[in-house]
Amino acid sequence: MTVIDIPGSKSVTARALFLAAAAEGTTTLLRPLVSDDTEGFAEGLRALGYAVRKEPGAWHIEGRPAGPGVAEADVYCRDGATTARFLPTLAAAGRGTFRFDASAQMRRRPLGPLTTALRELGVDLRHGGKDGHHPLAVHADGVKGGALTLDAGQSSQYLTALLMLGPLTAEGLDITVTDLVSEPYVEITLAMMRDFGAEVVRDGRTYRVAPTGYRARTYGIEPDASTASYFFAAAALRPGGSVTVPGLGTGALQGDLAFVDVLRRMGADVEVTEGATTVRSTGTLRGLTVNMRDISDTMPTLAAIAPFADGPVRIEDVANTRVKECDRLDACAENLRRLGITVRTGPDWIEIHPGTPAGPAEIATHGDHRIVMSFAVTALRTPGIAFDDPGCVKKTFPDFHRVFGAFARTP
């Protein structure tokens with residue numbers, strides 16, 4: 001049995017950085033993810049005047065409940081959606097003028113529901129180009145709070161950003177959600193906010209956040225469940241394959257661990273204990289129809305192994321994957337077709353038929369780390385696969401190719 005130590009969760013690290021920056025006191029984050037996204041987030045905090053000290057295996061953040069420590073700043077968010085959505089929201093709780101921009105890829109991704117909500121709360125926020133997108137400037141003077149209605153059907157990060165803002169407002173926030181995708185990510189947010197001292201309750205579609213502020217603490221970052229999905233899928237795909245990921249078990253925060261339930265439905269042997277998750281191949285992958293709305297970041301992982309199933313694999317309710325780092329639904333279809341696989345798509349679904357992927361072929365990554373890591377799993381049984389931008393894995397797992405390569409060579 002192969003044991004793989006997966007790097008820390010991107011989602012948890014980003015939330016922890018926000019909460020630590022907003023907390024009273026100095027927070028220590030243990031085992032944070034070190035990647036382009038999280039480094040960019042920490043760099044953004046420094047630009048806003050927060051003290052961030054790094055050492056191997058631990059980051060220390062001096063919180064500033066009153067907001068950024070500078071009156072003016074320019075922040076570059078790189079490719080990071082959490083950076084691009086969370087930091088302007090954090091800055092809005094302070095006082096000063098803060099300008100934000102991002103990569104061309106991130107500029108294409110939407111911000112509109114979040115920035116509209118911030119404006120409704122009285123934040124003076126101006127887009128520098130296309131409305132609802134980066135770049136933007138926040139002329140901050142604190143946030144009073146109040147009630148608002150939010151459409152989080154494109155991204156749960158809009159709701160997460162506003163929830164984390166709530167304890168920093170003068171009067172608290174009541175957020176009523178009309179639509180919500182990737183709800184397990186919101187559950188991560190709520191659990192972490194409470195760990196840092198916030199009071200938040202959910203009543204149906206309304207979230208009520210009290211103006212409590214946050215308290216610093218030492219906080220351990222669990223392994224990234226989305227990243228683990230590639231190793232779980234590989235174990236299910238390879239004859240005799242087996243992998244155990246410690247640190248992801250029954251108490252894990254991340255909803256993406258539910259990907260192993262999909263593998264179980266397809267025939268894999270799955271064991272989840274308090275401290276680890278193990279996936280073993282049974283030599284069979286069955287076709288299925290699955291709704292992946294709540295775990296859509298793992299949609300490309302399933303698409304990558306779908307051709308090896310004994311029947312069609314249909315993935316439904318994943319429209320939001322079209323507004324990620326790329327249109328992931330179309331990217332998966334494009335690359336599977338390059339490998340000779342029959343694929344059908346619709347506005348929010350993809351259906352992949354059984355077949356034997358054939359190389360050589362160059363995978364069009366569209367600069368998306370998840371496309372590379374997913375099709376690396378396909379490559380286990382498809383000689384001749386190459387990538388036009390293999391280095392884009394630096395966004396979440398800079399060492400992916402070495403670690404996955406070593407795993408692939410394990411008998």
# chains A, B, ... in the order shown; residues from 1 in each chain; ligands from 1
$ residues_around --residues "Phe196 in chain A" --least-positions-apart "3" --cutoff "12 Å" --atoms "only C-alpha atoms" --output "JSON, numbers by chain"
{"A": [15, 16, 17, 18, 19, 20, 21, 22, 23, 24, 25, 26, 27, 63, 164, 167, 189, 190, 191, 192, 193, 199, 200, 212, 213, 214, 215, 216, 217, 218, 219]}
$ residues_around --residues "His134 in chain A" --least-positions-apart "5" --cutoff "12 Å" --atoms "only C-alpha atoms" --output "ChimeraX atom specification"
/A:75-81,83-85,88,99-112,114-115,125-129
$ residues_around --residues "range 272-279 of chain A" --least-positions-apart "3" --cutoff "8 Å" --atoms "only C-alpha atoms" --output "list in words"
Phe232, Ala235, Ala236, Ser242, Val243, Thr244, Val245, Pro246, Gly247, Leu248, Gly249, Thr250, Gly251, Val260, Ala268 and Asp269 of chain A
$ residues_around --residues "range 155-161 of chain A" --least-positions-apart "6" --cutoff "7 Å" --atoms "only C-alpha atoms" --output "list of chain:residue names"
A:Arg85, A:Phe86, A:Thr89, A:Pro113, A:Leu114, A:Leu180, A:Val181, A:Ser182, A:Glu183, A:Tyr185, A:Val186, A:Thr189
$ write_last_selection --atoms "N, CA, C and O atoms" --output "compact mmCIF listing (two decimals), in the first residue's frame"
# COMPACT_ATOMS: atom_id res chain seq x y z
N ARG A 85 -10.90 37.62 -4.58
CA ARG A 85 -12.23 37.84 -4.02
C ARG A 85 -12.19 38.13 -2.52
O ARG A 85 -12.99 38.92 -2.02
N PHE A 86 -11.26 37.50 -1.81
CA PHE A 86 -11.23 37.69 -0.36
C PHE A 86 -10.54 38.98 0.06
O PHE A 86 -10.99 39.66 0.99
N THR A 89 -12.48 42.25 -0.06
CA THR A 89 -13.51 42.22 0.98
C THR A 89 -12.90 42.51 2.34
O THR A 89 -13.46 43.26 3.14
N PRO A 113 -21.37 39.50 -8.59
CA PRO A 113 -22.25 39.36 -7.44
C PRO A 113 -21.62 39.83 -6.13
O PRO A 113 -22.31 40.38 -5.26
N LEU A 114 -20.31 39.62 -5.98
CA LEU A 114 -19.62 40.05 -4.76
C LEU A 114 -19.49 41.57 -4.71
O LEU A 114 -19.81 42.20 -3.68
N LEU A 180 -26.94 28.75 -4.69
CA LEU A 180 -25.64 28.45 -4.10
C LEU A 180 -25.07 27.20 -4.74
O LEU A 180 -25.74 26.16 -4.83
N VAL A 181 -23.82 27.29 -5.18
CA VAL A 181 -23.09 26.16 -5.73
C VAL A 181 -21.95 25.81 -4.78
O VAL A 181 -21.50 26.64 -3.98
N SER A 182 -21.49 24.56 -4.83
CA SER A 182 -20.36 24.11 -4.01
C SER A 182 -20.58 24.39 -2.52
O SER A 182 -19.70 24.88 -1.82
N GLU A 183 -21.77 24.03 -2.05
CA GLU A 183 -22.13 24.33 -0.66
C GLU A 183 -21.16 23.78 0.38
O GLU A 183 -20.94 24.42 1.41
N TYR A 185 -18.09 23.95 0.48
CA TYR A 185 -17.05 24.97 0.73
C TYR A 185 -17.53 26.01 1.73
O TYR A 185 -16.75 26.57 2.51
N VAL A 186 -18.82 26.29 1.72
CA VAL A 186 -19.38 27.23 2.70
C VAL A 186 -19.33 26.61 4.09
O VAL A 186 -19.08 27.30 5.09
N THR A 189 -16.06 27.26 5.52
CA THR A 189 -15.99 28.64 6.00
C THR A 189 -16.62 28.79 7.37
O THR A 189 -16.04 29.40 8.28
$ select_by_dssp --residues "range 28-234 of chain A" --states "strand (DSSP E or B)" --output "ChimeraX atom specification"
/A:28-30,51-55,58-62,72-76,95-101,124-127,136-141,146-152,173-180,200-203,206-209,214-215,218-220,223
$ write_last_selection --atoms "C-alpha atoms" --output "PDB file, in the first residue's frame"
ATOM      1  CA  THR A  28       0.263  30.455  13.645  1.00  0.00           C
ATOM      2  CA  LEU A  29      -0.796  28.326  10.675  1.00  0.00           C
ATOM      3  CA  LEU A  30       0.697  24.846  10.707  1.00  0.00           C
ATOM      4  CA  ALA A  51       2.931  41.275   9.105  1.00  0.00           C
ATOM      5  CA  VAL A  52       3.462  37.752   7.738  1.00  0.00           C
ATOM      6  CA  ARG A  53       6.450  35.705   8.870  1.00  0.00           C
ATOM      7  CA  LYS A  54       7.180  32.334   7.283  1.00  0.00           C
ATOM      8  CA  GLU A  55       9.232  29.405   8.442  1.00  0.00           C
ATOM      9  CA  ALA A  58       4.469  27.335   9.826  1.00  0.00           C
ATOM     10  CA  TRP A  59       3.322  30.851   8.918  1.00  0.00           C
ATOM     11  CA  HIS A  60       2.776  33.530  11.564  1.00  0.00           C
ATOM     12  CA  ILE A  61       0.325  36.367  10.887  1.00  0.00           C
ATOM     13  CA  GLU A  62      -0.128  39.396  13.129  1.00  0.00           C
ATOM     14  CA  GLU A  72      -3.003  53.121   0.366  1.00  0.00           C
ATOM     15  CA  ALA A  73      -1.835  50.020  -1.477  1.00  0.00           C
ATOM     16  CA  ASP A  74      -1.647  48.277  -4.831  1.00  0.00           C
ATOM     17  CA  VAL A  75      -2.270  44.530  -4.681  1.00  0.00           C
ATOM     18  CA  TYR A  76      -1.639  42.070  -7.508  1.00  0.00           C
ATOM     19  CA  ARG A  95      -9.876  52.603   5.987  1.00  0.00           C
ATOM     20  CA  GLY A  96      -7.907  53.748   2.967  1.00  0.00           C
ATOM     21  CA  THR A  97      -7.629  53.380  -0.786  1.00  0.00           C
ATOM     22  CA  PHE A  98      -6.731  49.929  -2.028  1.00  0.00           C
ATOM     23  CA  ARG A  99      -6.310  49.007  -5.685  1.00  0.00           C
ATOM     24  CA  PHE A 100      -6.475  45.410  -6.890  1.00  0.00           C
ATOM     25  CA  ASP A 101      -5.555  43.793 -10.188  1.00  0.00           C
ATOM     26  CA  ASP A 124     -17.161  52.751  -2.423  1.00  0.00           C
ATOM     27  CA  LEU A 125     -15.893  50.272  -4.984  1.00  0.00           C
ATOM     28  CA  ARG A 126     -15.026  51.052  -8.593  1.00  0.00           C
ATOM     29  CA  HIS A 127     -14.074  48.754 -11.444  1.00  0.00           C
ATOM     30  CA  LEU A 136     -10.979  47.411  -9.047  1.00  0.00           C
ATOM     31  CA  ALA A 137     -10.371  50.059  -6.399  1.00  0.00           C
ATOM     32  CA  VAL A 138     -11.824  49.984  -2.893  1.00  0.00           C
ATOM     33  CA  HIS A 139     -12.133  53.313  -1.101  1.00  0.00           C
ATOM     34  CA  ALA A 140     -12.695  51.867   2.347  1.00  0.00           C
ATOM     35  CA  ASP A 141     -14.257  53.480   5.396  1.00  0.00           C
ATOM     36  CA  GLY A 146     -27.040  45.038   7.541  1.00  0.00           C
ATOM     37  CA  ALA A 147     -29.073  42.702   5.351  1.00  0.00           C
ATOM     38  CA  LEU A 148     -28.459  41.767   1.728  1.00  0.00           C
ATOM     39  CA  THR A 149     -29.460  39.198  -0.878  1.00  0.00           C
ATOM     40  CA  LEU A 150     -26.781  37.301  -2.804  1.00  0.00           C
ATOM     41  CA  ASP A 151     -26.715  35.028  -5.844  1.00  0.00           C
ATOM     42  CA  ALA A 152     -23.863  32.552  -5.251  1.00  0.00           C
ATOM     43  CA  LEU A 173     -24.589  40.792   8.478  1.00  0.00           C
ATOM     44  CA  ASP A 174     -27.717  38.935   7.412  1.00  0.00           C
ATOM     45  CA  ILE A 175     -27.098  37.284   4.032  1.00  0.00           C
ATOM     46  CA  THR A 176     -29.972  35.629   2.179  1.00  0.00           C
ATOM     47  CA  VAL A 177     -28.826  33.388  -0.648  1.00  0.00           C
ATOM     48  CA  THR A 178     -30.987  32.890  -3.741  1.00  0.00           C
ATOM     49  CA  ASP A 179     -28.725  30.242  -5.322  1.00  0.00           C
ATOM     50  CA  LEU A 180     -25.642  28.446  -4.095  1.00  0.00           C
ATOM     51  CA  VAL A 200     -22.737  32.607  12.789  1.00  0.00           C
ATOM     52  CA  VAL A 201     -26.020  30.745  12.389  1.00  0.00           C
ATOM     53  CA  ARG A 202     -27.929  29.523   9.376  1.00  0.00           C
ATOM     54  CA  ASP A 203     -31.693  29.803   9.178  1.00  0.00           C
ATOM     55  CA  THR A 206     -30.221  33.130   5.509  1.00  0.00           C
ATOM     56  CA  TYR A 207     -26.887  33.345   7.292  1.00  0.00           C
ATOM     57  CA  ARG A 208     -26.700  35.624  10.343  1.00  0.00           C
ATOM     58  CA  VAL A 209     -23.238  36.781  11.401  1.00  0.00           C
ATOM     59  CA  TYR A 214     -11.997  37.153  15.579  1.00  0.00           C
ATOM     60  CA  ARG A 215      -9.460  35.739  18.042  1.00  0.00           C
ATOM     61  CA  THR A 218      -2.779  28.103  16.305  1.00  0.00           C
ATOM     62  CA  TYR A 219      -4.468  26.371  13.388  1.00  0.00           C
ATOM     63  CA  GLY A 220      -3.452  23.215  11.525  1.00  0.00           C
ATOM     64  CA  PRO A 223      -4.344  18.034   3.295  1.00  0.00           C
TER      65      PRO A 223
END
$ select_by_dssp --residues "range 119-289 of chain A" --states "alpha helix (DSSP H)" --output "PyMOL selection string"
chain A and resi 119-120+157-165+183-195+225-237+259-266
$ atom_distance --atom1 "CA of Asp317 in chain A" --atom2 "CA of Ser226 in chain A"
18.1 Å
